[in-house]
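As provided, model03.cif (mmCIF, C-alpha atoms and all ligand atoms) reads as follows.
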```
data_start
loop_
_atom_site.label_atom_id
_atom_site.label_comp_id
_atom_site.auth_asym_id
_atom_site.auth_seq_id
_atom_site.Cartn_x
_atom_site.Cartn_y
_atom_site.Cartn_z
CA MET E 70 129.80 225.60 66.14
CA MET E 71 129.84 222.89 63.51
CA THR E 72 133.31 221.66 62.74
CA ASP E 73 134.55 218.61 60.97
CA SER E 74 137.49 218.13 63.29
CA LYS E 75 137.40 214.57 64.44
CA THR E 76 139.64 212.68 66.83
CA THR E 77 140.27 209.01 66.24
CA PRO E 78 139.00 206.85 69.13
CA SER E 79 141.61 205.53 71.55
CA ALA E 80 143.17 202.19 70.69
CA GLY E 81 141.91 199.06 72.41
CA GLN E 82 144.25 196.67 74.20
CA THR E 83 143.76 193.14 75.49
CA VAL E 84 141.89 192.62 78.76
CA GLY E 85 144.74 190.27 79.77
CA PRO E 86 144.38 187.25 82.06
CA PHE E 87 144.01 188.91 85.49
CA PHE E 88 140.83 190.98 85.68
CA ASN E 89 138.12 188.97 87.43
CA TYR E 90 138.56 190.66 90.82
CA ALA E 91 137.95 194.05 89.17
CA LEU E 92 135.23 193.40 86.61
CA LEU E 93 132.98 190.69 88.04
CA ARG E 94 130.59 190.69 90.95
CA ASP E 95 128.29 187.95 92.24
CA GLY E 96 125.07 187.83 90.28
CA ASP E 97 126.38 189.67 87.21
CA ASN E 98 125.35 186.70 85.07
CA ASP E 99 121.70 186.84 86.20
CA LEU E 100 119.77 189.52 84.31
CA THR E 101 116.35 188.66 85.76
CA SER E 102 116.44 190.58 89.09
CA ASP E 103 115.94 187.32 91.01
CA GLY E 104 113.31 186.12 88.59
CA LYS E 105 111.17 189.28 88.78
CA ALA E 106 111.75 190.28 85.14
CA VAL E 107 108.76 189.84 82.84
CA GLY E 108 109.03 187.11 80.21
CA GLU E 109 110.26 183.60 79.65
CA ILE E 110 113.29 182.89 81.81
CA ILE E 111 116.02 181.12 79.87
CA ILE E 112 119.51 179.82 80.47
CA VAL E 113 122.13 180.71 77.88
CA GLU E 114 125.21 178.56 78.25
CA GLY E 115 128.10 177.21 76.25
CA GLN E 116 131.82 176.86 75.90
CA VAL E 117 134.54 179.04 74.39
CA ILE E 118 137.02 177.11 72.23
CA ASP E 119 140.34 178.35 70.82
CA GLY E 120 142.03 177.55 67.50
CA ALA E 121 143.74 174.48 68.98
CA GLY E 122 140.31 173.05 69.80
CA GLY E 123 140.75 173.44 73.54
CA PRO E 124 138.51 175.22 76.04
CA LEU E 125 139.54 178.75 76.96
CA ARG E 126 139.26 179.84 80.59
CA ASP E 127 138.99 183.40 81.93
CA VAL E 128 137.17 184.80 78.92
CA LEU E 129 135.05 187.85 79.76
CA LEU E 130 131.64 187.61 78.09
CA GLU E 131 129.16 190.47 78.14
CA ILE E 132 125.62 190.36 76.80
CA TRP E 133 123.24 193.20 75.92
CA GLN E 134 119.65 192.64 74.94
CA ALA E 135 116.12 193.99 74.77
CA ASN E 136 113.44 192.92 77.26
CA ALA E 137 110.63 190.45 76.58
CA GLN E 138 108.71 193.12 74.64
CA GLY E 139 111.71 194.03 72.52
CA ARG E 140 112.47 197.35 74.26
CA TYR E 141 116.00 198.45 75.14
CA ASN E 142 116.50 200.11 78.50
CA HIS E 143 118.15 203.19 76.97
CA PRO E 144 116.95 206.66 75.88
CA ALA E 145 117.90 206.01 72.23
CA ASP E 146 115.04 203.51 72.15
CA ALA E 147 112.68 206.43 72.59
CA PRO E 148 108.90 206.34 73.04
CA ALA E 149 108.41 207.71 69.50
CA ASN E 150 109.55 204.45 67.96
CA SER E 151 108.78 202.15 70.86
CA GLY E 152 105.25 201.26 69.75
CA ASP E 153 103.75 198.98 72.32
CA ARG E 154 107.11 197.97 73.67
CA GLU E 155 107.20 198.88 77.37
CA LEU E 156 110.16 199.14 79.72
CA ASP E 157 110.44 196.56 82.51
CA GLU E 158 111.80 198.06 85.74
CA ASN E 159 113.20 194.64 86.63
CA PHE E 160 115.14 194.20 83.44
CA ARG E 161 118.21 196.20 82.54
CA GLY E 162 119.47 193.95 79.74
CA PHE E 163 123.18 193.81 80.58
CA GLY E 164 125.07 190.80 81.95
CA ARG E 165 128.64 189.69 82.44
CA THR E 166 130.40 186.47 83.22
CA LEU E 167 133.68 184.63 82.98
CA THR E 168 134.42 181.22 81.49
CA ASP E 169 135.48 178.62 84.07
CA GLY E 170 138.36 176.13 83.96
CA ASP E 171 136.49 174.13 81.30
CA GLY E 172 135.83 177.18 79.14
CA CYS E 173 132.15 177.12 80.12
CA TYR E 174 129.84 180.06 80.84
CA ARG E 175 126.20 180.49 81.88
CA PHE E 176 123.72 183.37 81.90
CA VAL E 177 120.21 183.46 83.37
CA THR E 178 118.09 185.91 81.40
CA ILE E 179 114.75 186.28 79.65
CA LYS E 180 114.09 185.67 76.01
CA PRO E 181 114.17 189.04 74.22
CA GLY E 182 111.35 190.13 71.93
CA ALA E 183 111.81 191.19 68.31
CA VAL E 184 113.24 194.73 68.03
CA PRO E 185 113.00 197.36 65.29
CA GLY E 186 115.61 197.31 62.56
CA GLU E 187 116.21 199.81 59.80
CA GLY E 188 113.19 201.45 58.20
CA ASN E 189 110.11 199.43 58.99
CA GLN E 190 112.01 196.15 59.21
CA TRP E 191 112.12 194.08 62.38
CA GLN E 192 115.05 192.14 63.73
CA ALA E 193 114.64 188.60 64.97
CA PRO E 194 115.05 188.17 68.74
CA HIS E 195 118.77 188.20 69.49
CA ILE E 196 121.40 188.92 72.12
CA ALA E 197 124.52 190.98 71.39
CA VAL E 198 127.71 189.38 72.72
CA SER E 199 131.09 191.01 73.49
CA ILE E 200 134.11 188.77 73.98
CA PHE E 201 137.32 189.87 75.70
CA ALA E 202 140.25 187.60 76.60
CA ALA E 203 144.00 187.38 76.90
CA GLY E 204 145.19 186.77 73.35
CA LEU E 205 142.37 188.91 71.94
CA THR E 206 143.92 192.28 71.18
CA ARG E 207 140.50 193.90 71.39
CA ARG E 208 136.82 193.02 71.56
CA LEU E 209 135.18 190.41 69.36
CA VAL E 210 131.49 190.97 68.64
CA THR E 211 128.86 188.40 67.75
CA ARG E 212 125.14 187.78 68.14
CA LEU E 213 123.07 184.89 69.47
CA TYR E 214 119.79 184.07 67.70
CA PHE E 215 117.12 181.60 68.77
CA PRO E 216 116.21 178.32 67.10
CA GLY E 217 112.87 177.96 65.36
CA GLU E 218 112.27 181.69 64.78
CA ASP E 219 110.74 182.44 61.37
CA ALA E 220 112.08 185.99 61.66
CA ASN E 221 115.67 184.67 61.48
CA ASP E 222 115.33 184.32 57.70
CA ALA E 223 114.80 188.04 57.17
CA ASP E 224 117.06 189.37 59.92
CA PRO E 225 119.34 192.12 58.55
CA ALA E 226 122.48 191.14 60.52
CA LEU E 227 122.07 187.40 60.00
CA SER E 228 121.51 187.97 56.28
CA GLY E 229 124.97 189.52 56.03
CA VAL E 230 126.57 186.22 57.08
CA PRO E 231 127.14 183.53 54.40
CA GLU E 232 124.31 181.04 54.48
CA GLU E 233 126.46 178.06 55.45
CA ASP E 234 127.67 179.90 58.57
CA ARG E 235 124.38 181.39 59.76
CA MET E 236 123.47 178.33 61.80
CA ARG E 237 126.53 178.95 63.95
CA LEU E 238 124.81 182.08 65.30
CA VAL E 239 121.61 180.22 66.16
CA GLY E 240 121.71 178.55 69.56
CA ASP E 241 120.78 174.91 70.09
CA VAL E 242 118.00 173.72 72.35
CA ALA E 243 119.73 171.76 75.10
CA GLU E 244 118.74 168.13 75.49
CA GLY E 245 116.38 167.54 78.38
CA SER E 246 115.72 171.24 79.04
CA ASP E 247 113.27 173.34 77.09
CA ASN E 248 114.48 176.64 78.53
CA THR E 249 118.22 176.22 77.93
CA VAL E 250 119.90 177.56 74.82
CA ARG E 251 123.41 176.34 74.08
CA PHE E 252 125.77 178.68 72.25
CA ASN E 253 129.40 177.69 71.80
CA ILE E 254 131.90 180.28 70.64
CA VAL E 255 134.78 179.03 68.49
CA LEU E 256 137.43 181.71 68.14
CA GLN E 257 139.33 180.20 65.21
CA GLY E 258 139.38 177.36 62.71
CA ASP E 259 136.95 174.46 62.33
CA GLY E 260 133.45 175.66 63.15
CA GLU E 261 134.66 179.22 63.67
CA THR E 262 131.90 181.48 64.98
CA PRO E 263 130.99 184.30 62.61
CA PHE E 264 132.07 187.60 64.17
CA PHE E 265 130.92 191.09 63.27
CA GLU E 266 133.04 194.19 62.76
CA ASP E 267 133.46 196.08 66.00
CA MET F 188 121.50 224.24 67.00
CA ILE F 189 122.80 221.09 68.57
CA ASP F 190 120.88 219.82 71.52
CA ASP F 191 123.43 218.51 73.99
CA THR F 192 121.01 217.16 76.54
CA GLU F 193 121.84 213.76 77.95
CA THR F 194 118.73 212.15 76.56
CA GLN F 195 119.29 213.19 72.98
CA GLU F 196 120.87 210.12 71.45
CA ASN F 197 121.14 211.20 67.84
CA ARG F 198 124.64 209.88 67.20
CA GLU F 199 126.55 208.30 64.42
CA TYR F 200 129.14 205.59 64.85
CA TRP F 201 131.92 205.45 62.32
CA GLU F 202 134.03 202.41 61.70
CA TYR F 203 137.32 202.31 63.54
CA GLU F 204 140.28 203.49 61.50
CA PRO F 205 142.04 200.10 61.06
CA SER F 206 145.56 201.41 61.72
CA SER F 207 144.43 202.92 65.01
CA GLN F 208 143.43 199.54 66.49
CA PRO F 209 145.58 196.43 67.01
CA PRO F 210 144.80 193.65 64.53
CA TYR F 211 143.47 190.45 66.12
CA LEU F 212 146.46 188.55 64.77
CA THR F 213 149.59 190.12 66.27
CA PRO F 214 152.24 187.34 65.98
CA ASN F 215 154.67 188.93 68.47
CA TYR F 216 151.88 188.63 71.04
CA LYS F 217 151.98 184.85 70.93
CA SER F 218 148.60 183.83 72.27
CA THR F 219 146.87 185.75 69.46
CA VAL F 220 148.09 183.08 67.04
CA ILE F 221 145.48 180.53 68.14
CA ARG F 222 142.85 182.99 69.40
CA SER F 223 142.39 185.35 66.45
CA PRO F 224 139.65 184.48 63.95
CA ASN F 225 140.79 183.26 60.51
CA LYS F 226 137.78 184.72 58.72
CA PRO F 227 137.16 188.43 58.23
CA GLN F 228 134.42 190.06 60.30
CA TYR F 229 131.01 190.65 58.76
CA LYS F 230 129.33 194.04 58.50
CA LEU F 231 126.83 194.73 61.22
CA PRO F 232 124.04 197.21 60.49
CA ARG F 233 123.81 200.02 63.08
CA THR F 234 120.55 199.03 64.73
CA LEU F 235 119.05 199.87 68.12
CA THR F 236 121.04 196.92 69.47
CA GLU F 237 124.30 198.74 68.71
CA THR F 238 123.22 202.33 69.47
CA THR F 239 122.01 201.44 72.97
CA GLY F 240 123.91 199.94 75.90
CA PRO F 241 124.06 199.84 79.68
CA LEU F 242 124.21 203.28 81.35
CA PHE F 243 125.69 204.19 84.71
CA THR F 244 125.68 207.11 87.12
CA GLN F 245 127.63 208.24 90.18
CA ASP F 246 124.98 206.43 92.23
CA ASP F 247 126.36 203.10 91.03
CA LEU F 248 129.56 203.74 93.00
CA VAL F 249 130.32 203.41 96.69
CA ALA F 250 132.65 205.79 98.51
CA ASP F 251 136.40 205.49 97.90
CA GLU F 252 136.09 203.25 94.87
CA TYR F 253 138.21 205.76 92.95
CA ASP F 254 141.03 205.49 95.52
CA LEU F 255 142.91 202.22 95.07
CA SER F 256 145.48 203.26 97.68
CA VAL F 257 142.92 202.83 100.48
CA ASN F 258 140.01 200.82 99.07
CA ALA F 259 141.42 197.51 100.30
CA LYS F 260 140.25 198.77 103.73
CA GLY F 261 143.53 198.12 105.46
CA ASP F 262 146.62 200.20 106.00
CA ALA F 263 148.27 202.25 103.28
CA ALA F 264 149.30 200.33 100.17
CA ILE F 265 153.03 200.13 99.49
CA GLY F 266 154.35 202.09 96.54
CA SER F 267 154.54 205.48 94.96
CA LEU F 268 151.21 207.34 95.20
CA MET F 269 149.90 208.74 91.94
CA VAL F 270 146.84 210.48 90.59
CA MET F 271 145.48 209.52 87.22
CA ASP F 272 143.28 212.31 85.88
CA GLY F 273 141.70 213.01 82.53
CA PHE F 274 138.73 213.58 80.29
CA VAL F 275 136.65 211.16 78.27
CA THR F 276 135.22 212.59 75.06
CA ASP F 277 133.57 211.44 71.87
CA GLU F 278 135.19 211.82 68.43
CA ASP F 279 133.98 215.42 68.21
CA GLY F 280 135.69 216.29 71.47
CA ARG F 281 132.41 216.56 73.34
CA PRO F 282 132.37 215.33 76.96
CA ALA F 283 131.37 211.72 77.54
CA ALA F 284 129.44 212.23 80.76
CA ASN F 285 128.33 209.45 83.12
CA THR F 286 130.75 206.94 81.66
CA LEU F 287 131.77 204.09 83.93
CA ILE F 288 135.53 203.52 84.05
CA GLU F 289 136.89 200.38 85.68
CA LEU F 290 140.58 200.36 86.52
CA TRP F 291 142.74 197.41 87.51
CA GLN F 292 146.47 196.88 87.83
CA ALA F 293 149.37 195.04 89.43
CA ASN F 294 150.77 196.19 92.78
CA SER F 295 154.06 198.07 93.11
CA ALA F 296 155.98 194.79 92.81
CA GLY F 297 154.23 193.94 89.53
CA LYS F 298 151.98 191.27 91.06
CA TYR F 299 148.22 190.97 90.53
CA HIS F 300 145.67 190.13 93.21
CA HIS F 301 144.82 186.94 91.32
CA LEU F 302 145.33 183.25 92.18
CA MET F 303 146.79 182.51 88.76
CA ASP F 304 149.54 185.12 89.17
CA THR F 305 151.99 182.70 90.76
CA ARG F 306 155.29 184.44 90.19
CA ASP F 307 157.68 185.06 93.06
CA ALA F 308 156.84 188.70 93.77
CA PRO F 309 155.24 189.85 97.04
CA GLY F 310 151.55 190.48 97.34
CA ASP F 311 150.39 193.55 99.27
CA PRO F 312 147.48 192.80 101.64
CA ASN F 313 146.62 196.50 101.56
CA PHE F 314 146.30 196.71 97.82
CA ILE F 315 143.75 194.91 95.66
CA GLY F 316 144.34 196.99 92.56
CA ALA F 317 140.75 197.51 91.42
CA GLY F 318 138.74 200.73 91.32
CA ARG F 319 135.87 202.45 89.55
CA ALA F 320 134.87 205.99 88.64
CA VAL F 321 132.06 207.61 86.68
CA THR F 322 132.81 210.72 84.60
CA ASP F 323 131.10 213.98 85.57
CA SER F 324 129.18 216.26 83.20
CA GLU F 325 132.49 217.52 81.74
CA GLY F 326 133.65 213.97 81.04
CA HIS F 327 136.22 214.31 83.83
CA TYR F 328 137.46 211.42 85.98
CA ARG F 329 140.13 210.96 88.63
CA PHE F 330 141.74 207.96 90.33
CA MET F 331 144.22 207.81 93.21
CA THR F 332 146.43 204.75 93.14
CA ILE F 333 150.02 203.55 93.45
CA LYS F 334 152.36 203.11 90.51
CA PRO F 335 152.31 199.46 89.32
CA GLY F 336 155.54 197.52 88.83
CA ALA F 337 156.69 195.86 85.63
CA TYR F 338 156.30 192.09 85.42
CA PRO F 339 157.87 189.35 83.32
CA VAL F 340 155.70 187.25 81.01
CA PRO F 341 156.42 183.54 81.71
CA ASN F 342 158.24 181.54 79.01
CA SER F 343 158.69 184.51 76.74
CA GLY F 344 162.46 185.00 76.68
CA ASN F 345 162.61 187.52 79.53
CA TYR F 346 159.95 189.82 78.04
CA TRP F 347 158.68 192.22 80.72
CA ARG F 348 155.42 194.12 80.43
CA PRO F 349 156.03 197.80 81.11
CA PRO F 350 154.17 199.31 84.08
CA HIS F 351 150.59 199.82 82.90
CA LEU F 352 147.02 200.31 84.06
CA HIS F 353 144.06 198.40 82.59
CA LEU F 354 140.93 200.42 81.79
CA SER F 355 137.40 199.40 80.82
CA LEU F 356 134.90 201.98 79.51
CA PHE F 357 131.27 201.78 78.42
CA GLY F 358 130.27 205.15 76.96
CA ARG F 359 126.68 205.55 75.80
CA SER F 360 126.21 202.42 73.73
CA PHE F 361 127.35 198.96 72.69
CA MET F 362 129.41 200.68 69.96
CA SER F 363 131.46 202.75 72.38
CA ARG F 364 132.36 199.85 74.70
CA MET F 365 136.13 199.38 74.89
CA ILE F 366 138.94 197.99 77.03
CA THR F 367 142.47 199.35 76.87
CA GLN F 368 145.73 199.82 78.77
CA CYS F 369 147.77 202.94 79.45
CA TYR F 370 151.47 203.33 79.99
CA PHE F 371 154.00 205.59 81.73
CA PRO F 372 156.02 208.16 79.81
CA GLY F 373 159.73 207.46 79.42
CA ASP F 374 159.74 203.84 80.51
CA PRO F 375 162.36 201.86 78.51
CA LEU F 376 160.07 198.81 78.44
CA ASN F 377 157.46 200.70 76.38
CA GLU F 378 159.63 200.38 73.26
CA LEU F 379 159.78 196.59 73.68
CA ASP F 380 156.14 195.88 74.48
CA HIS F 381 154.34 193.55 72.06
CA ILE F 382 150.88 194.61 73.21
CA LEU F 383 151.43 198.39 72.97
CA HIS F 384 153.21 197.94 69.63
CA GLY F 385 150.34 195.86 68.28
CA VAL F 386 148.77 199.25 67.47
CA PRO F 387 150.09 200.10 63.99
CA ASP F 388 149.57 203.86 63.96
CA VAL F 389 152.32 205.79 65.76
CA ASP F 390 150.01 208.55 66.95
CA ALA F 391 147.40 206.08 68.24
CA LYS F 392 150.17 204.26 70.11
CA GLU F 393 151.50 207.45 71.70
CA ARG F 394 148.03 208.37 72.86
CA LEU F 395 148.09 205.28 75.11
CA ILE F 396 151.02 206.79 77.04
CA MET F 397 150.04 209.08 79.91
CA THR F 398 151.46 212.58 80.31
CA PHE F 399 153.38 213.45 83.45
CA ASP F 400 151.57 216.46 84.91
CA PRO F 401 152.38 217.65 88.45
CA VAL F 402 149.34 219.95 88.31
CA VAL F 403 146.95 217.02 88.68
CA GLY F 404 149.07 215.44 91.43
CA VAL F 405 148.86 216.28 95.12
CA HIS F 406 151.56 218.57 96.54
CA GLU F 407 154.28 216.57 98.33
CA HIS F 408 151.94 213.56 98.38
CA ALA F 409 151.19 212.02 94.98
CA LEU F 410 152.59 212.26 91.45
CA GLY F 411 150.21 213.35 88.69
CA TYR F 412 149.52 211.74 85.32
CA ARG F 413 147.06 212.88 82.68
CA PHE F 414 145.25 210.41 80.46
CA ASP F 415 142.51 211.44 78.04
CA ILE F 416 140.34 208.86 76.29
CA VAL F 417 138.31 209.16 73.10
CA LEU F 418 135.32 206.85 72.67
CA ARG F 419 133.76 205.96 69.37
CA GLY F 420 130.74 208.03 68.35
CA ARG F 421 130.02 211.59 67.37
CA ARG F 422 126.93 213.76 67.29
CA ALA F 423 125.08 213.29 64.06
CA THR F 424 124.80 216.42 61.90
CA PRO F 425 121.40 217.83 62.73
CA MET F 426 118.85 217.99 59.96
CA VAL F 427 118.31 221.63 59.09
CA GLY F 428 115.16 223.04 57.45
FE FE E 501 148.53 193.74 82.97
#
```
Would you mind writing the file's structure down as structure tokens?
Ligand SMILES: [Fe+2]
Amino acid sequence: MMTDSKTTPSAGQTVGPFFNYALLRDGDNDLTSDGKAVGEIIIVEGQVIDGAGGPLRDVLLEIWQANAQGRYNHPADAPANSGDRELDENFRGFGRTLTDGDGCYRFVTIKPGAVPGEGNQWQAPHIAVSIFAAGLTRRLVTRLYFPGEDANDADPALSGVPEEDRMRLVGDVAEGSDNTVRFNIVLQGDGETPFFED
Amino acid sequence: MIDDTETQENREYWEYEPSSQPPYLTPNYKSTVIRSPNKPQYKLPRTLTETTGPLFTQDDLVADEYDLSVNAKGDAAIGSLMVMDGFVTDEDGRPAANTLIELWQANSAGKYHHLMDTRDAPGDPNFIGAGRAVTDSEGHYRFMTIKPGAYPVPNSGNYWRPPHLHLSLFGRSFMSRMITQCYFPGDPLNELDHILHGVPDVDAKERLIMTFDPVVGVHEHALGYRFDIVLRGRRATPMVG
């Protein structure tokens, strides 16, 4: 049964400019099941900027995250290693949206808890972000972390990013709103967002 | 023994073979020049964040979503009917069951159902060009649609995209998420396409071209094309003794 024959995964191709009618439905950017999800409801918003410094419209952004207790809604996050982290029937953890004419996006979600890392390490609360757009030949991957978290210092993914760039993965508290986290994504050049290997 | 039950998630995710994926900077595809990162990408440990992801089932679909030729709820769409049929597997060739596939495309005149597609080709009120399917336990999927037309890319020196279908797949985790395009065998525009030829490896490029296969078509009704997709991920070698 065991063979080492392995097929290379299919090549990715750009999402192109014309996909919104196929990939997006009303409410895809609200992960909270109309506010029923357990935890602190937060807004994650920001702008996508290209290498010319201009806003980029029609960017497909997808987020994937654990619930408020740090549990992923997926069988790989199995009870054996879940500890006290319980599933929330009102929280799936996946959201999608599109940047508007000003390059802006907005998600309504809950703040994720810390989740297990390798060994007995823990990861700081974070949200995984996928970015697809015309002019991106395939997916870009990054992560959003939260300001003021002590656990950021020891986070295994954040530690792999040069120190001077780490702050670019930590969202900013928006002025005048204590539940809004701002996270701009700069594709290229000055202030370029650190991206991870896909 | 390998336990193939759906809930067993003991998988490993290899890095993509670089030549099998298009580099972010592909100068012939002009808009990559100001949208591709300058810096290299950092290593990401394979944590629960990456080995989990949104899951789907047949229950997420409504009737006829797989049939783009009728799902605009009007009369028949204009164009040549075709079936697109294939299997989704992991890198070990094992079925990728319950994988959501989203399909979108231009109509038979090469025009998208999108406000920003302003070129002078006719829309088709009976064709939206969007559909979804979820693979069965064998990793099998099937769409009915009409063959899309080629379309010119504005201000690009009369460069026409070859007829193609756009596909989005999730697989079992964040690591297997991918979006691609597939092409028609024998089309002269394939050789000239900057997006298809952004893939360096010849074999990887050819695997984005469907196979003409009357067997999966419908007799005297629809042409048949086969397209198989491999998602990242393979079963981890089980620990023995
Ligand atoms: Fe297209």
Taking only C-alpha atoms and all ligand atoms and a cut-off of 7 Å, can you tell me which residues surround ligand FE 501 (chain E), written as a list in words?
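Residues lying within 7 Å of ligand FE 501 (chain E): Gly85 of chain E; Gln292, Ala293, His351, Leu352 and His353 of chain F.
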Wanna dump the chain F-chain E contacts at 6 Å for me, each residue with its shortest atom pair and the distance in Å to one decimal, counting only C-alpha atoms, ordered by chain and number, as CSV?
```
residue,atom,partner,partner_atom,distance
F:Thr194,CA,E:Pro144,CA,5.8
F:Glu196,CA,E:Ala145,CA,5.1
F:Ser207,CA,E:Ala80,CA,5.9
F:Gln208,CA,E:Ala80,CA,5.0
F:Tyr211,CA,E:Thr206,CA,5.4
F:Ser218,CA,E:Gly204,CA,4.6
F:Thr219,CA,E:Gly204,CA,4.4
F:Ile221,CA,E:Gly120,CA,4.6
F:Arg222,CA,E:Asp119,CA,5.5
F:Pro224,CA,E:Gln257,CA,4.5
F:Asn225,CA,E:Gln257,CA,5.8
F:Gln228,CA,E:Phe265,CA,4.7
F:Tyr229,CA,E:Phe265,CA,4.5
F:Lys230,CA,E:Glu266,CA,5.7
F:Leu231,CA,E:Ala226,CA,5.7
F:Thr234,CA,E:Gly186,CA,5.7
F:Thr239,CA,E:His143,CA,5.8
F:Glu278,CA,E:Thr76,CA,4.8
F:Asp279,CA,E:Lys75,CA,5.2
F:Ala317,CA,E:Ala91,CA,5.0
F:Ile366,CA,E:Gly81,CA,5.6
F:Thr367,CA,E:Gln82,CA,4.2
F:Gln368,CA,E:Gln82,CA,5.7
F:Ile416,CA,E:Ser79,CA,5.9
F:Val417,CA,E:Pro78,CA,4.6
F:Leu418,CA,E:Pro78,CA,5.1
F:Arg419,CA,E:Pro78,CA,5.3
```
Could you list, as a PDB file with C-alpha atoms, in the frame of the given file, every residue within 12 Å of Lys105 of chain E, counting all atoms listed in the file and ignoring same-chain residues fewer than 2 positions away?
```
ATOM      1  CA  ASP E  99     121.700 186.840  86.200  1.00  0.00           C
ATOM      2  CA  LEU E 100     119.770 189.520  84.310  1.00  0.00           C
ATOM      3  CA  THR E 101     116.350 188.660  85.760  1.00  0.00           C
ATOM      4  CA  SER E 102     116.440 190.580  89.090  1.00  0.00           C
ATOM      5  CA  ASP E 103     115.940 187.320  91.010  1.00  0.00           C
ATOM      6  CA  VAL E 107     108.760 189.840  82.840  1.00  0.00           C
ATOM      7  CA  GLY E 108     109.030 187.110  80.210  1.00  0.00           C
ATOM      8  CA  GLU E 109     110.260 183.600  79.650  1.00  0.00           C
ATOM      9  CA  ILE E 110     113.290 182.890  81.810  1.00  0.00           C
ATOM     10  CA  ASP E 157     110.440 196.560  82.510  1.00  0.00           C
ATOM     11  CA  GLU E 158     111.800 198.060  85.740  1.00  0.00           C
ATOM     12  CA  ASN E 159     113.200 194.640  86.630  1.00  0.00           C
ATOM     13  CA  PHE E 160     115.140 194.200  83.440  1.00  0.00           C
ATOM     14  CA  ARG E 161     118.210 196.200  82.540  1.00  0.00           C
ATOM     15  CA  THR E 178     118.090 185.910  81.400  1.00  0.00           C
ATOM     16  CA  ILE E 179     114.750 186.280  79.650  1.00  0.00           C
TER      17      ILE E 179
END
```
Rounded to one decimal, what separation in Å do you get between atom CA of Met236 of chain E and atom CA of Pro194 of chain E?
14.7 Å
Nearest to Leu410 of chain F among F:Asp272, F:Glu237, F:Asp307, F:Glu204, with distances taken over only C-alpha atoms: which residue is it?
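Of F:Asp272, F:Glu237, F:Asp307, F:Glu204, the one nearest Leu410 of chain F, counting only C-alpha atoms, is F:Asp272.
With only C-alpha atoms taken into account, the protein and nucleic acid residues at most 6 Å from Leu167 of chain E (excluding it and anything under 3 positions from it in its own chain) are Asp127, Val128 and Leu129 of chain E.
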Measure the distance from atom CA of Val402 of chain F to atom CA of Tyr370 of chain F in Å and round it to one decimal.
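For atom CA of Val402 of chain F relative to atom CA of Tyr370 of chain F, the distance reads 18.7 Å.
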